[in-house]
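Data file: query01.txt. Format and content: compact mmCIF, C-alpha atoms.
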```txt
# COMPACT_ATOMS: atom_id res chain seq x y z
CA MET A 601 74.38 116.24 30.42
CA LYS A 602 77.72 114.98 29.15
CA TYR A 603 79.53 117.76 31.04
CA PHE A 604 77.62 116.91 34.13
CA ILE A 605 78.73 113.29 33.99
CA VAL A 606 82.34 114.31 33.42
CA ILE A 607 82.22 116.76 36.34
CA ALA A 608 80.59 114.18 38.60
CA PHE A 609 83.23 111.66 37.56
CA ILE A 610 86.09 114.04 38.30
CA ALA A 611 84.52 115.01 41.63
CA GLY A 612 84.19 111.33 42.44
CA ILE A 613 87.83 110.66 41.68
CA CYS A 614 88.89 113.66 43.75
CA ALA A 615 86.81 112.45 46.70
CA LEU A 616 88.31 109.00 46.33
CA ALA A 617 91.82 110.40 46.18
CA GLN A 618 91.20 112.48 49.26
CA ALA A 619 89.77 109.51 51.14
CA GLU A 620 92.79 107.44 50.23
CA GLU A 621 95.37 110.02 51.09
CA GLN A 622 95.30 109.81 54.83
CA THR A 623 98.68 111.33 55.37
CA CYS A 624 100.07 113.65 57.91
CA GLN A 625 100.67 116.26 55.27
CA VAL A 626 97.03 116.27 54.18
CA ASP A 627 95.99 116.66 57.80
CA ILE A 628 98.40 119.53 58.35
CA GLN A 629 97.42 121.26 55.15
CA SER A 630 93.74 121.16 56.00
CA ALA A 631 94.44 122.18 59.58
CA CYS A 632 96.60 125.10 58.49
CA GLY A 633 94.15 126.18 55.77
CA GLN A 634 91.37 125.86 58.33
CA SER A 635 89.05 124.48 55.66
CA SER A 636 88.02 121.71 58.00
CA ASN A 637 90.29 121.03 60.90
CA GLY A 638 89.98 117.32 61.43
CA GLY A 639 92.99 117.16 63.71
CA VAL A 640 96.32 115.62 62.87
CA LYS A 641 95.42 112.03 63.62
CA ASN A 642 97.43 110.78 60.67
CA CYS A 643 100.59 112.25 62.10
CA ASN A 644 101.76 109.20 63.96
CA ALA A 645 104.49 106.60 63.98
CA ARG A 646 102.24 103.75 62.91
CA TYR A 647 103.16 101.65 59.90
CA GLY A 648 103.63 98.00 59.07
CA ALA A 649 101.61 95.57 61.11
CA ILE A 650 101.50 97.55 64.35
CA GLY A 651 97.69 97.55 64.20
CA HIS A 652 97.35 93.86 64.92
CA LEU A 653 100.66 93.45 66.72
CA GLU A 654 100.12 95.97 69.48
CA HIS A 655 97.49 93.91 71.29
CA LYS A 656 99.67 90.83 71.09
CA MET A 657 102.57 92.86 72.43
CA GLU A 658 100.30 94.16 75.18
CA ASP A 659 99.50 90.57 76.20
CA TYR A 660 103.18 89.72 76.12
CA ILE A 661 103.99 92.73 78.30
CA GLN A 662 101.40 91.61 80.86
CA LEU A 663 102.82 88.10 80.79
CA GLN A 664 106.37 89.36 81.42
CA LEU A 665 105.20 91.53 84.31
CA LYS A 666 103.30 88.66 85.88
CA LYS A 667 106.27 86.30 85.54
CA SER A 668 108.53 88.93 87.04
CA TYR A 669 106.51 88.89 90.25
CA GLU A 670 106.16 85.13 90.16
CA TYR A 671 109.95 84.80 90.07
CA MET A 672 110.20 87.34 92.87
CA LEU A 673 107.97 85.13 95.02
CA MET A 674 110.03 82.05 94.14
CA ALA A 675 113.16 83.93 95.19
CA THR A 676 111.42 84.89 98.42
CA HIS A 677 110.47 81.29 99.09
CA PHE A 678 114.11 80.18 98.88
CA ASN A 679 115.24 83.16 100.93
CA SER A 680 113.30 82.04 104.01
CA TYR A 681 115.31 80.66 106.92
CA GLN A 682 113.62 77.31 106.52
CA MET A 683 114.71 76.89 102.90
CA ASN A 684 117.90 78.94 103.11
CA ARG A 685 119.11 78.50 99.55
CA PRO A 686 120.95 81.68 98.57
CA GLY A 687 121.90 80.24 95.17
CA PHE A 688 118.30 79.54 94.18
CA LYS A 689 117.27 82.91 95.60
CA LYS A 690 119.84 84.64 93.41
CA LEU A 691 118.79 82.67 90.32
CA TYR A 692 115.12 83.63 90.64
CA GLN A 693 115.76 87.20 91.77
CA ASP A 694 117.90 87.76 88.68
CA MET A 695 115.16 86.26 86.50
CA SER A 696 112.59 88.51 88.17
CA ASP A 697 114.70 91.61 87.54
CA ARG A 698 115.27 90.57 83.95
CA ALA A 699 111.54 90.07 83.31
CA PHE A 700 110.80 93.48 84.82
CA ASP A 701 113.42 95.20 82.67
CA ASP A 702 112.06 93.33 79.65
CA THR A 703 108.58 94.62 80.46
CA ILE A 704 109.88 98.19 80.28
CA ASP A 705 111.83 97.46 77.12
CA LEU A 706 108.76 96.00 75.40
CA ILE A 707 106.72 99.08 76.33
CA LYS A 708 109.41 101.25 74.76
CA GLN A 709 109.34 99.14 71.59
CA VAL A 710 105.53 99.28 71.21
CA THR A 711 105.46 103.03 71.74
CA ARG A 712 108.39 103.52 69.39
CA ARG A 713 106.20 101.99 66.71
CA GLY A 714 103.29 104.28 67.45
CA GLY A 715 101.37 101.75 69.55
CA THR A 716 99.97 102.22 73.01
CA VAL A 717 100.01 100.00 76.07
CA ASP A 718 96.85 99.96 78.12
CA PHE A 719 97.22 99.03 81.77
CA SER A 720 93.58 99.68 82.62
CA LYS A 721 92.28 96.47 81.09
CA PRO A 722 91.70 93.68 83.57
CA ASN A 723 94.91 91.75 83.56
CA THR A 724 94.30 88.59 81.54
CA HIS A 725 97.56 87.13 82.79
CA GLY A 726 96.99 88.48 86.29
CA ILE A 727 97.62 86.41 89.33
CA ALA A 728 93.99 85.57 89.94
CA HIS A 729 95.10 82.17 91.12
CA PRO A 730 98.57 82.70 92.46
CA PRO A 731 100.89 79.95 91.33
CA GLU A 732 102.25 77.54 93.90
CA VAL A 733 105.65 78.88 94.88
CA HIS A 734 106.26 76.63 97.87
CA LEU A 735 108.28 74.19 95.85
CA SER A 736 111.25 71.98 96.44
CA GLU A 737 114.51 72.91 94.72
CA LEU A 738 114.05 70.54 91.79
CA GLU A 739 110.36 71.32 91.37
CA SER A 740 111.18 75.01 91.25
CA LEU A 741 113.68 74.46 88.43
CA ALA A 742 111.06 72.48 86.53
CA ARG A 743 108.57 75.29 87.00
CA ALA A 744 111.10 77.92 85.93
CA LEU A 745 111.92 75.91 82.81
CA ASP A 746 108.22 75.72 81.90
CA ASN A 747 107.87 79.43 82.58
CA GLU A 748 110.78 80.28 80.33
CA LYS A 749 109.28 78.17 77.56
CA GLU A 750 105.99 80.03 78.02
CA LEU A 751 107.83 83.35 77.69
CA THR A 752 109.62 82.06 74.60
CA GLN A 753 106.32 80.92 73.12
CA GLY A 754 104.92 84.40 73.77
CA ALA A 755 107.76 85.97 71.77
CA ILE A 756 107.37 83.39 68.99
CA HIS A 757 103.65 84.13 68.82
CA VAL A 758 104.23 87.84 68.18
CA HIS A 759 107.11 87.05 65.84
CA THR A 760 104.93 84.71 63.78
CA SER A 761 102.29 87.39 63.38
CA ALA A 762 104.97 89.84 62.33
CA THR A 763 106.60 87.64 59.70
CA HIS A 764 103.85 85.50 58.21
CA ALA A 765 101.10 87.20 56.34
CA SER A 766 98.19 85.68 58.21
CA SER A 767 94.51 85.85 57.39
CA GLU A 768 94.19 88.75 59.83
CA SER A 769 96.56 90.93 57.95
CA ARG A 770 98.72 90.71 54.89
CA VAL A 771 101.28 93.09 56.23
CA HIS A 772 104.76 91.99 57.18
CA ASP A 773 106.60 93.73 59.94
CA PRO A 774 110.33 93.05 59.64
CA GLU A 775 111.26 95.69 62.21
CA MET A 776 109.16 94.10 64.93
CA ALA A 777 110.36 90.63 63.94
CA HIS A 778 113.96 91.78 64.08
CA TYR A 779 113.44 93.39 67.46
CA LEU A 780 112.03 90.16 68.89
CA GLN A 781 114.81 88.06 67.40
CA ASP A 782 117.49 90.37 68.68
CA ASN A 783 116.14 91.00 72.14
CA PHE A 784 114.08 87.97 73.04
CA LEU A 785 114.41 84.84 70.96
CA SER A 786 118.14 84.27 71.37
CA LYS A 787 118.09 85.34 75.00
CA GLN A 788 115.16 83.01 75.71
CA ALA A 789 116.91 80.14 73.97
CA ALA A 790 119.90 80.62 76.26
CA SER A 791 117.69 80.84 79.32
CA VAL A 792 115.71 77.71 78.43
CA ARG A 793 118.92 75.81 77.77
CA LYS A 794 120.46 76.91 81.06
CA LEU A 795 117.43 75.87 83.13
CA SER A 796 117.10 72.57 81.32
CA GLY A 797 120.75 71.89 82.17
CA TYR A 798 120.15 72.76 85.81
CA ALA A 799 117.01 70.62 86.01
CA ASN A 800 118.78 67.61 84.52
CA ASP A 801 121.85 68.04 86.70
CA LEU A 802 119.82 68.32 89.86
CA SER A 803 117.60 65.37 88.83
CA LYS A 804 120.69 63.21 88.72
CA LEU A 805 121.98 64.61 91.98
CA VAL A 806 118.81 63.92 93.93
CA SER A 807 118.32 60.36 92.71
CA VAL A 808 120.27 59.12 95.71
CA ARG A 809 119.02 58.04 99.06
CA GLU A 810 120.23 61.13 100.93
CA PRO A 811 120.21 64.15 98.61
CA SER A 812 120.70 66.87 101.25
CA LEU A 813 124.38 67.35 100.58
CA SER A 814 123.93 67.23 96.78
CA VAL A 815 121.35 70.00 96.91
CA TYR A 816 123.56 72.01 99.23
CA LEU A 817 126.45 71.76 96.79
CA PHE A 818 124.24 72.56 93.84
CA ASP A 819 123.00 75.67 95.64
CA GLU A 820 126.58 76.69 96.31
CA TYR A 821 127.29 76.24 92.60
CA LEU A 822 124.31 78.46 91.71
CA GLN A 823 125.60 81.21 93.98
CA LYS A 824 128.75 81.42 91.89
CA GLN A 825 126.89 81.77 88.59
CA MET B 1428 119.57 24.90 102.97
CA VAL B 1429 116.30 26.55 103.93
CA LYS B 1430 118.29 29.23 105.69
CA LEU B 1431 120.35 29.85 102.55
CA ILE B 1432 117.24 30.18 100.36
CA ALA B 1433 115.63 32.49 102.89
CA SER B 1434 118.68 34.72 103.03
CA ILE B 1435 118.88 34.81 99.20
CA CYS B 1436 115.21 35.76 99.08
CA LEU B 1437 115.81 38.50 101.61
CA LEU B 1438 118.72 39.83 99.60
CA VAL B 1439 116.65 39.89 96.42
CA VAL B 1440 113.83 41.72 98.18
CA LEU B 1441 116.27 44.21 99.59
CA ALA B 1442 117.88 44.74 96.20
CA VAL B 1443 114.48 45.31 94.57
CA ALA B 1444 113.52 47.75 97.31
CA ASN B 1445 116.81 49.56 96.82
CA GLN B 1446 116.22 49.70 93.09
CA ALA B 1447 112.76 51.17 93.58
CA GLN B 1448 114.14 53.82 95.86
CA ALA B 1449 116.80 54.82 93.37
CA GLU B 1450 114.21 55.35 90.68
CA ASN B 1451 112.29 57.92 92.68
CA PHE B 1452 113.83 61.32 93.23
CA ASN B 1453 114.10 62.51 96.75
CA CYS B 1454 112.87 65.98 95.99
CA ASN B 1455 111.78 67.15 99.37
CA ILE B 1456 114.50 67.34 101.89
CA LYS B 1457 112.76 66.87 105.18
CA SER B 1458 114.47 68.37 108.11
CA ASN B 1459 113.51 67.61 111.65
CA ALA B 1460 115.55 70.56 112.81
CA VAL B 1461 113.25 73.23 111.41
CA PHE B 1462 112.52 75.21 114.51
CA LYS B 1463 109.44 77.35 114.71
CA GLY B 1464 109.75 78.98 118.08
CA TRP B 1465 111.85 81.93 116.97
CA PRO B 1466 109.99 84.35 114.64
CA ASP B 1467 108.84 87.13 116.92
CA MET B 1468 106.92 89.59 114.77
CA ARG B 1469 103.37 90.38 115.80
CA GLU B 1470 100.43 89.39 113.63
CA PRO B 1471 98.92 92.91 113.01
CA CYS B 1472 102.34 94.26 112.07
CA ILE B 1473 102.97 91.37 109.65
CA ARG B 1474 99.57 91.88 108.04
CA SER B 1475 100.22 95.62 107.59
CA MET B 1476 103.64 94.89 106.12
CA ARG B 1477 102.04 92.59 103.57
CA ASP B 1478 99.53 95.31 102.65
CA GLN B 1479 102.35 97.80 102.32
CA ILE B 1480 104.21 95.49 99.93
CA GLN B 1481 101.14 95.28 97.70
CA LYS B 1482 100.79 99.07 97.81
CA GLU B 1483 104.35 99.54 96.61
CA ILE B 1484 103.78 97.09 93.76
CA SER B 1485 100.53 98.84 92.79
CA ALA B 1486 102.35 102.19 92.81
CA SER B 1487 105.00 100.65 90.56
CA THR B 1488 102.37 99.52 88.04
CA GLN B 1489 100.69 102.93 88.16
CA TYR B 1490 103.99 104.63 87.31
CA MET B 1491 104.60 102.13 84.55
CA ALA B 1492 101.24 103.00 82.99
CA MET B 1493 102.15 106.69 83.15
CA ALA B 1494 105.54 106.02 81.58
CA ALA B 1495 103.86 104.04 78.78
CA TYR B 1496 101.49 106.94 78.13
CA PHE B 1497 104.26 109.54 77.93
CA SER B 1498 106.33 107.25 75.70
CA SER B 1499 103.70 107.15 72.99
CA ASP B 1500 104.60 109.04 69.81
CA THR B 1501 101.60 111.36 69.80
CA VAL B 1502 102.25 112.45 73.39
CA ASN B 1503 106.03 112.46 73.04
CA ARG B 1504 107.30 113.43 76.46
CA PRO B 1505 110.46 111.34 76.82
CA GLY B 1506 111.55 113.22 79.93
CA PHE B 1507 108.34 112.36 81.75
CA ALA B 1508 108.48 108.80 80.42
CA GLU B 1509 112.00 108.17 81.74
CA HIS B 1510 111.09 109.81 85.03
CA PHE B 1511 108.13 107.47 85.52
CA PHE B 1512 109.97 104.34 84.33
CA LYS B 1513 112.55 105.14 86.98
CA ALA B 1514 109.80 105.66 89.56
CA ALA B 1515 108.24 102.30 88.61
CA LYS B 1516 111.58 100.57 89.19
CA GLU B 1517 112.06 102.34 92.50
CA GLU B 1518 108.63 101.38 93.82
CA ARG B 1519 109.22 97.75 92.87
CA GLU B 1520 112.55 97.94 94.64
CA HIS B 1521 110.81 99.31 97.77
CA GLY B 1522 108.36 96.41 97.70
CA SER B 1523 111.15 93.91 97.18
CA LYS B 1524 113.19 95.33 100.08
CA LEU B 1525 110.19 94.96 102.42
CA VAL B 1526 109.79 91.37 101.27
CA GLU B 1527 113.45 90.73 102.07
CA TYR B 1528 113.00 92.36 105.45
CA LEU B 1529 110.20 89.94 106.30
CA SER B 1530 112.42 87.02 105.27
CA MET B 1531 115.22 88.39 107.43
CA ARG B 1532 112.83 88.43 110.38
CA GLY B 1533 111.93 84.78 109.87
CA GLN B 1534 108.60 85.40 108.14
CA LEU B 1535 107.39 84.21 104.74
CA THR B 1536 108.07 80.57 105.33
CA GLU B 1537 104.66 79.27 104.29
CA THR B 1538 102.66 82.29 103.15
CA VAL B 1539 104.54 83.61 100.14
CA LYS B 1540 102.00 82.50 97.59
CA ASP B 1541 99.48 85.35 97.63
CA LEU B 1542 101.83 88.12 98.65
CA ILE B 1543 101.72 90.04 95.37
CA LYS B 1544 99.01 90.66 92.79
CA VAL B 1545 99.51 92.61 89.58
CA PRO B 1546 96.81 95.30 89.61
CA SER B 1547 95.25 97.18 86.71
CA VAL B 1548 95.40 100.96 86.54
CA LYS B 1549 92.29 103.14 86.39
CA VAL B 1550 93.40 106.32 84.61
CA THR B 1551 94.74 106.02 81.07
CA ASN B 1552 95.71 109.53 80.04
CA TRP B 1553 97.30 112.49 81.68
CA THR B 1554 98.85 115.85 81.01
CA GLY B 1555 102.32 116.56 82.30
CA LEU B 1556 100.85 118.48 85.20
CA SER B 1557 98.08 116.02 86.06
CA ALA B 1558 100.62 113.18 86.04
CA LEU B 1559 102.88 115.00 88.49
CA GLU B 1560 99.87 115.79 90.66
CA ASP B 1561 98.71 112.17 90.56
CA ALA B 1562 102.23 111.09 91.46
CA PHE B 1563 102.23 113.52 94.37
CA LYS B 1564 98.87 112.20 95.57
CA LEU B 1565 100.13 108.63 95.28
CA GLU B 1566 103.30 109.41 97.23
CA THR B 1567 101.26 111.15 99.92
CA GLU B 1568 99.07 108.07 100.24
CA VAL B 1569 102.11 105.81 100.48
CA THR B 1570 103.64 108.07 103.14
CA LYS B 1571 100.43 107.97 105.15
CA SER B 1572 100.24 104.21 104.88
CA ILE B 1573 103.87 103.89 106.05
CA ARG B 1574 103.03 106.12 109.04
CA ASP B 1575 100.07 103.87 109.85
CA LEU B 1576 102.29 100.83 109.43
CA ILE B 1577 104.80 102.31 111.87
CA LYS B 1578 102.01 102.96 114.38
CA THR B 1579 100.78 99.38 114.04
CA CYS B 1580 104.26 97.97 114.52
CA GLU B 1581 104.91 100.19 117.54
CA GLY B 1582 102.18 98.23 119.28
CA SER B 1583 99.93 99.53 122.00
CA SER B 1584 101.60 98.30 125.16
CA LYS B 1585 102.91 101.13 127.34
CA LYS B 1586 105.95 99.08 128.35
CA GLY B 1587 106.84 98.58 124.72
CA ASP B 1588 106.56 94.81 124.90
CA ASP B 1589 105.02 94.60 121.45
CA ASN B 1590 107.06 97.44 119.97
CA ASP B 1591 108.99 96.23 116.93
CA TYR B 1592 111.83 98.72 117.50
CA HIS B 1593 114.01 97.57 114.65
CA LEU B 1594 111.32 97.62 111.95
CA VAL B 1595 109.96 100.95 113.22
CA ASP B 1596 113.44 102.45 113.03
CA TYR B 1597 114.02 101.01 109.55
CA LEU B 1598 110.70 102.33 108.24
CA THR B 1599 111.22 105.74 109.84
CA GLY B 1600 114.85 106.16 108.88
CA VAL B 1601 114.87 104.68 105.38
CA TYR B 1602 111.32 104.67 104.01
CA LEU B 1603 109.95 107.91 105.47
CA GLU B 1604 113.16 109.68 104.57
CA GLU B 1605 112.82 108.63 100.96
CA GLN B 1606 109.10 109.44 100.86
CA LEU B 1607 109.57 112.93 102.24
CA THR B 1608 112.45 113.90 99.97
CA GLY B 1609 110.53 112.41 97.04
CA GLN B 1610 107.46 114.44 97.88
CA ARG B 1611 109.49 117.63 98.13
CA GLU B 1612 110.99 116.99 94.71
CA LEU B 1613 107.60 116.38 93.13
CA ALA B 1614 106.10 119.47 94.79
CA GLY B 1615 108.96 121.56 93.40
CA GLN B 1616 108.45 120.14 89.91
CA ILE B 1617 104.72 120.87 90.09
CA THR B 1618 105.32 124.53 90.99
CA THR B 1619 107.89 125.00 88.24
CA LEU B 1620 105.73 123.35 85.59
CA GLU B 1621 102.66 125.32 86.70
CA LYS B 1622 104.56 128.60 86.42
CA MET B 1623 106.01 127.68 83.02
CA MET B 1624 102.59 126.70 81.71
CA SER B 1625 100.64 129.66 83.08
CA SER B 1626 102.43 132.03 80.73
CA HIS B 1627 103.52 129.75 77.90
CA GLY B 1628 101.17 126.77 77.86
CA GLU B 1629 102.37 123.95 75.59
CA LEU B 1630 105.82 125.50 75.24
CA GLY B 1631 106.16 125.31 79.01
CA GLU B 1632 105.46 121.58 79.07
CA PHE B 1633 107.72 120.98 76.05
CA LEU B 1634 110.67 122.75 77.68
CA PHE B 1635 110.03 121.21 81.09
CA ASP B 1636 110.07 117.74 79.57
CA LYS B 1637 113.40 118.30 77.84
CA ASN B 1638 115.01 119.40 81.09
CA MET B 1639 113.68 116.57 83.24
```
Please go through the file and, once you have read it, give me the structure as structure tokens.
Amino acid sequence: MKYFIVIAFIAGICALAQAEEQTCQVDIQSACGQSSNGGVKNCNARYGAIGHLEHKMEDYIQLQLKKSYEYMLMATHFNSYQMNRPGFKKLYQDMSDRAFDDTIDLIKQVTRRGGTVDFSKPNTHGIAHPPEVHLSELESLARALDNEKELTQGAIHVHTSATHASSESRVHDPEMAHYLQDNFLSKQAASVRKLSGYANDLSKLVSVREPSLSVYLFDEYLQKQ
Amino acid sequence: MVKLIASICLLVVLAVANQAQAENFNCNIKSNAVFKGWPDMREPCIRSMRDQIQKEISASTQYMAMAAYFSSDTVNRPGFAEHFFKAAKEEREHGSKLVEYLSMRGQLTETVKDLIKVPSVKVTNWTGLSALEDAFKLETEVTKSIRDLIKTCEGSSKKGDDNDYHLVDYLTGVYLEEQLTGQRELAGQITTLEKMMSSHGELGEFLFDKNM
């Protein structure tokens, strides 16, 4: 009876150890020994907090893609012969291109960390209600500034989950946090600052009775940026 | 005396009015010179152009989904991934060029708002071969839709009154050219990959990916 208990105990510990050791090597060993080929699902690049970060990153990717097209439409609006503001067109086209490149870069980051990006889900940030893009010059700057803050907030949201051990997960993810700081947070800060400057400048310029010439000159200034 | 008071009152009222005006921004610059008689594109052609723009954007998103799939660590096909990221950029560029064309022709003054929607993608995993085949199918569809677009923009009048010669030439010379060479390239890749895989399976795909 005593032996039986000891054997059962040891078997229990072994089972526990096996259950805990979900490593690639264990997978490979069992697959190569053909004892029970459970696949090599533990051979992956996942570590840290990727489990709860990848969905947040996915949302952020969708947001960037949506904003990229929104900026493209704003650029188009100012490119029409009735608006004819090449400076504003350039500003928003550049922002659209940047958001699109960022989308690709974010996908590369998520997949580098062993995550996946699912494009089959209905787009939560999709343009179900297309934003109003028929805006005046100053209104468009205001909208762009708000957009850039939204994009910054998106990066901060993922960064917060990566750095602060939240109730969801106690795992820190310095690599992801560093990536966001390096590639998004400082760039977003610069972008927000730039647009705020533009919006304030143009606000002053249009607070005159006849702002046509001021806006023309401001547009010319934007072309040279 | 009365006259003096009246004129002072008038001045004060004017000053107040002036003040009020300075506080409000004049955001909308109204122009009475905006002429509307010029844009000469025909309605069916414009509508088809708009559809074509959405198709290019949808193709771009489809390629981006493929690129994301091939980027993942357990699939690990960086050659395919880069190829499809590039394709996604190209398709977006195609869409954007068509948008600019419409602006050049005096369109998109009031109807920009719902020009582009970001679609979701149906398929979520591929093999190297199935991805290339899907890409080929997609390109064939785009080519067909450009052909239809050209037909629409050629109009139906025998005299060519409603023929949009410039757009038709642009689509034929630039877009069809790119579509056809693109299709040829994909078809070639499909044959090579098929041959490599028929004798060497996974090794075929592995080697093909590294040489993409």
Give the residues of chain B that lie within 9 Å of chain A; count all atoms listed in the file, and format the answer as a PyMOL selection string.
chain B and resi 1448-1457+1461-1462+1488-1489+1491-1492+1494-1496+1498-1501+1512+1516+1523+1526-1527+1529-1551
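CA of His655 in chain A is positioned 13.0 Å from CA of His759 in chain A.
Going from CA of Ala1508 in chain B over to CA of Lys1637 in chain B, you cover 11.0 Å.
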Nearest to Val1595 in chain B, restricted to all atoms listed in the file and choosing among B:Phe1635, B:Tyr1528, B:Trp1553, B:Phe1563, comes out as B:Tyr1528
Shell around Gly1609 in chain B at 12 Å using all atoms listed in the file, local window under 6 positions removed, as a PDB file with C-alpha atoms, in the frame of the given file:
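Output contents, as saved in around.pdb:
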```
ATOM      1  CA  ALA B1514     109.800 105.660  89.560  1.00  0.00           C
ATOM      2  CA  GLU B1517     112.060 102.340  92.500  1.00  0.00           C
ATOM      3  CA  GLU B1518     108.630 101.380  93.820  1.00  0.00           C
ATOM      4  CA  LEU B1559     102.880 115.000  88.490  1.00  0.00           C
ATOM      5  CA  ALA B1562     102.230 111.090  91.460  1.00  0.00           C
ATOM      6  CA  PHE B1563     102.230 113.520  94.370  1.00  0.00           C
ATOM      7  CA  LYS B1564      98.870 112.200  95.570  1.00  0.00           C
ATOM      8  CA  LEU B1565     100.130 108.630  95.280  1.00  0.00           C
ATOM      9  CA  GLU B1566     103.300 109.410  97.230  1.00  0.00           C
ATOM     10  CA  THR B1567     101.260 111.150  99.920  1.00  0.00           C
ATOM     11  CA  VAL B1569     102.110 105.810 100.480  1.00  0.00           C
ATOM     12  CA  THR B1570     103.640 108.070 103.140  1.00  0.00           C
ATOM     13  CA  TYR B1602     111.320 104.670 104.010  1.00  0.00           C
ATOM     14  CA  LEU B1603     109.950 107.910 105.470  1.00  0.00           C
ATOM     15  CA  GLY B1615     108.960 121.560  93.400  1.00  0.00           C
ATOM     16  CA  GLN B1616     108.450 120.140  89.910  1.00  0.00           C
TER      17      GLN B1616
END
```
Work out how far CA of Lys1578 in chain B is from CA of Ser1475 in chain B, in Å to one decimal.
10.2 Å
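For Ile756 in chain A, the non-local neighbours within 10 Å, defined as residues at least 5 positions apart in the same chain or in other chains and counting only C-alpha atoms, are A:Glu750, A:Leu751, A:Ser761, A:Ala762, A:Ala777, A:Leu780, A:Gln781, A:Phe784, A:Leu785.
If you count all atoms listed in the file and draw a sphere of 10 Å around (99.6, 120.9, 59.7), the protein and nucleic acid residues inside it come out as Cys624, Gln625, Val626, Asp627, Ile628, Gln629, Ser630, Ala631, Cys632, Gly633, Gln634, Asn637, Gly639, Val640 and Cys643 of chain A.
Using all atoms listed in the file, the shortest contact distance between Tyr779 in chain A and any of A:Asp659, A:Glu748, A:Glu654, A:Asp705 is found at A:Asp705.
When only C-alpha atoms are used to measure the gap to Met1639 in chain B, the shortest distance among B:Gly1587, B:Gly1582, B:Gly1506, B:Gly1555 belongs to B:Gly1506.
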